[in-house]
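Structure first, commentary second.
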Amino acid sequence: MQGTVEDKILTRLAGLPLINHSISAFVKSGVINQFTIVYRDIEQRKALEAIVIQIELKDIPVKWIHGGSERQNSVYNALITQPENCEYVFIHDGARPLITATAIQDLHRAVLNGGAASLAHPVADTVKRIADPKQLFQTELEDLDRDRLWAMETPQAFAFNKILSAYENVRSK
């Protein structure tokens, strides 16, 4: 949306805020037992609470966590509040509404098998690389092989202890 809307997750698509589509897909998938929703500020939380209360959550509890100054801080804030028996987590950008229950189920099977998994799609665009990122106006650009490039998506799923350990490792540096 490139900065054209005030709050992406509250922006409407097909009559519903974007976050509704994501939450509904997770509920329909049947593979989660808690939502942890990270909010920016109290105004956003109030708006999100008003939306979430209207969604049929099938008794899945919602935990509200105040985010951080950067995405990695927000994710960490959510991770450290998970219960001791948490085995796996899905990290999803609620402004990405096109996720399906089937994709979440596939991701769940993959994380159970490998400890970490992510959705991705092949890159269709032509992608070029410059030799020196400090010199933006270069005439020679390197072609990158699209067949080897994938665009990562959310959600991403992780064994809880592994992702928490990774975040704690980064924070200790």
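Residues in the structure tokens are numbered from 1 in each chain, the chains being A, B, ... in the order shown, and ligands are numbered from 1 in the order shown.
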Practice task
Might you pull out every residue within 9 Å of segment 15-23 of chain A, with only C-alpha atoms counted and same-chain residues fewer than 3 positions away left off, and present them as a list in words?
Solution key: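 Result of the neighbour search: Lys8, Ile9, Leu10, Thr11, Arg12, Phe26, Val27, Lys28, Phe35, Leu48, Ile51, Val52, Ile55, Leu57, His92, Asp93, Gly94, Ala95, Arg96, Pro97, Leu98, Ile99 and Thr100 of chain A.
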Exercise for the section: Check the DSSP output for the backbone and give back, as a VMD selection string, the residues of segment 83-133 of chain A in alpha helix (DSSP H). Expected result: chain A and resid 101 to 114
Handout entry: Residues near Glu153 of chain A, cut-off 8 Å, only C-alpha atoms, skip fewer than 4 positions along chain, as a list in words
Key =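 Listing them by chain and then by number gives Ser118, Leu119, Ala120 and His121 of chain A.
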Export all heavy atoms of the chosen residues as a PDB file, in the first residue's frame?
```pdb
ATOM      1  N   SER A 118       8.155 -21.673   5.937  1.00  0.00           N
ATOM      2  CA  SER A 118       7.649 -20.391   5.475  1.00  0.00           C
ATOM      3  C   SER A 118       6.943 -20.585   4.146  1.00  0.00           C
ATOM      4  O   SER A 118       7.306 -21.464   3.362  1.00  0.00           O
ATOM      5  CB  SER A 118       8.794 -19.390   5.289  1.00  0.00           C
ATOM      6  OG  SER A 118       8.292 -18.151   4.845  1.00  0.00           O
ATOM      7  N   LEU A 119       5.964 -19.763   3.928  1.00  0.00           N
ATOM      8  CA  LEU A 119       5.348 -19.709   2.614  1.00  0.00           C
ATOM      9  C   LEU A 119       6.202 -18.801   1.732  1.00  0.00           C
ATOM     10  O   LEU A 119       6.821 -17.856   2.216  1.00  0.00           O
ATOM     11  CB  LEU A 119       3.931 -19.160   2.712  1.00  0.00           C
ATOM     12  CG  LEU A 119       2.954 -19.978   3.558  1.00  0.00           C
ATOM     13  CD1 LEU A 119       1.619 -19.264   3.653  1.00  0.00           C
ATOM     14  CD2 LEU A 119       2.789 -21.376   2.992  1.00  0.00           C
ATOM     15  N   ALA A 120       6.230 -19.102   0.457  1.00  0.00           N
ATOM     16  CA  ALA A 120       6.988 -18.293  -0.496  1.00  0.00           C
ATOM     17  C   ALA A 120       6.420 -18.535  -1.885  1.00  0.00           C
ATOM     18  O   ALA A 120       5.710 -19.512  -2.117  1.00  0.00           O
ATOM     19  CB  ALA A 120       8.465 -18.667  -0.456  1.00  0.00           C
ATOM     20  N   HIS A 121       6.738 -17.633  -2.785  1.00  0.00           N
ATOM     21  CA  HIS A 121       6.335 -17.821  -4.171  1.00  0.00           C
ATOM     22  C   HIS A 121       7.489 -17.429  -5.083  1.00  0.00           C
ATOM     23  O   HIS A 121       8.315 -16.591  -4.729  1.00  0.00           O
ATOM     24  CB  HIS A 121       5.060 -17.030  -4.511  1.00  0.00           C
ATOM     25  CG  HIS A 121       5.241 -15.553  -4.423  1.00  0.00           C
ATOM     26  ND1 HIS A 121       5.029 -14.838  -3.261  1.00  0.00           N
ATOM     27  CD2 HIS A 121       5.622 -14.640  -5.350  1.00  0.00           C
ATOM     28  CE1 HIS A 121       5.270 -13.558  -3.485  1.00  0.00           C
ATOM     29  NE2 HIS A 121       5.629 -13.412  -4.743  1.00  0.00           N
TER      30      HIS A 121
END
```
Problem - Nearest to Ala25 of chain A, chosen from A:Lys162, A:Ile104, A:Arg171, A:Gly67, with only C-alpha atoms counted in the distances - result: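 The shortest atom-to-atom distance to Ala25 of chain A comes from A:Ile104.
Considering only C-alpha atoms, the residue among A:Phe158, A:Ile32, A:Arg40, A:Leu112 positioned nearest to Asn77 of chain A is A:Arg40.
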Fill in the blank from the handout: In terms of only C-alpha atoms, the residue from A:Lys173, A:Lys46, A:Lys58, A:Lys128 at minimal distance from Arg146 of chain A is A:Lys128
Practice task
Could you check how far atom CA of Asn161 of chain A sits from atom CA of Glu49 of chain A, in Å to one decimal?
Solution key: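 It comes out at 28.8 Å.
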Practice task
Give me the residues within 6 Å of segment 60-64 of chain A as a list in words, counting only C-alpha atoms and dropping any in the same chain fewer than 5 places off.
Solution key: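 Within the cut-off, the hits are Asn33, Gln34, Phe35, Thr36 and Ile37 of chain A.
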Handout entry: Selection near Ala78 of chain A, 7 Å with only C-alpha atoms, sequence-local residues under 3 positions removed, as a PyMOL selection string
Key = chain A and resi 36+38+65+74-75+81-82
Handout entry: Residue list (strand (DSSP E or B), DSSP) for chain A, as a PyMOL selection string
Key = chain A and resi 12-13+16-17+35-39+62-66+88-91+116-122+128-130+141-143+150-159
Problem - Surrounding residues of Ala116 of chain A excluding itself and chain neighbours under 2 positions, 12 Å, only C-alpha atoms, as a count of residues only - result: 24
Problem - Minimum-distance residue to Asp143 of chain A, chosen among A:Thr126, A:Ala14, A:Ile80, A:Ala131 (using only C-alpha atoms) - result: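 So, comparing all the options, the nearest one is A:Thr126.
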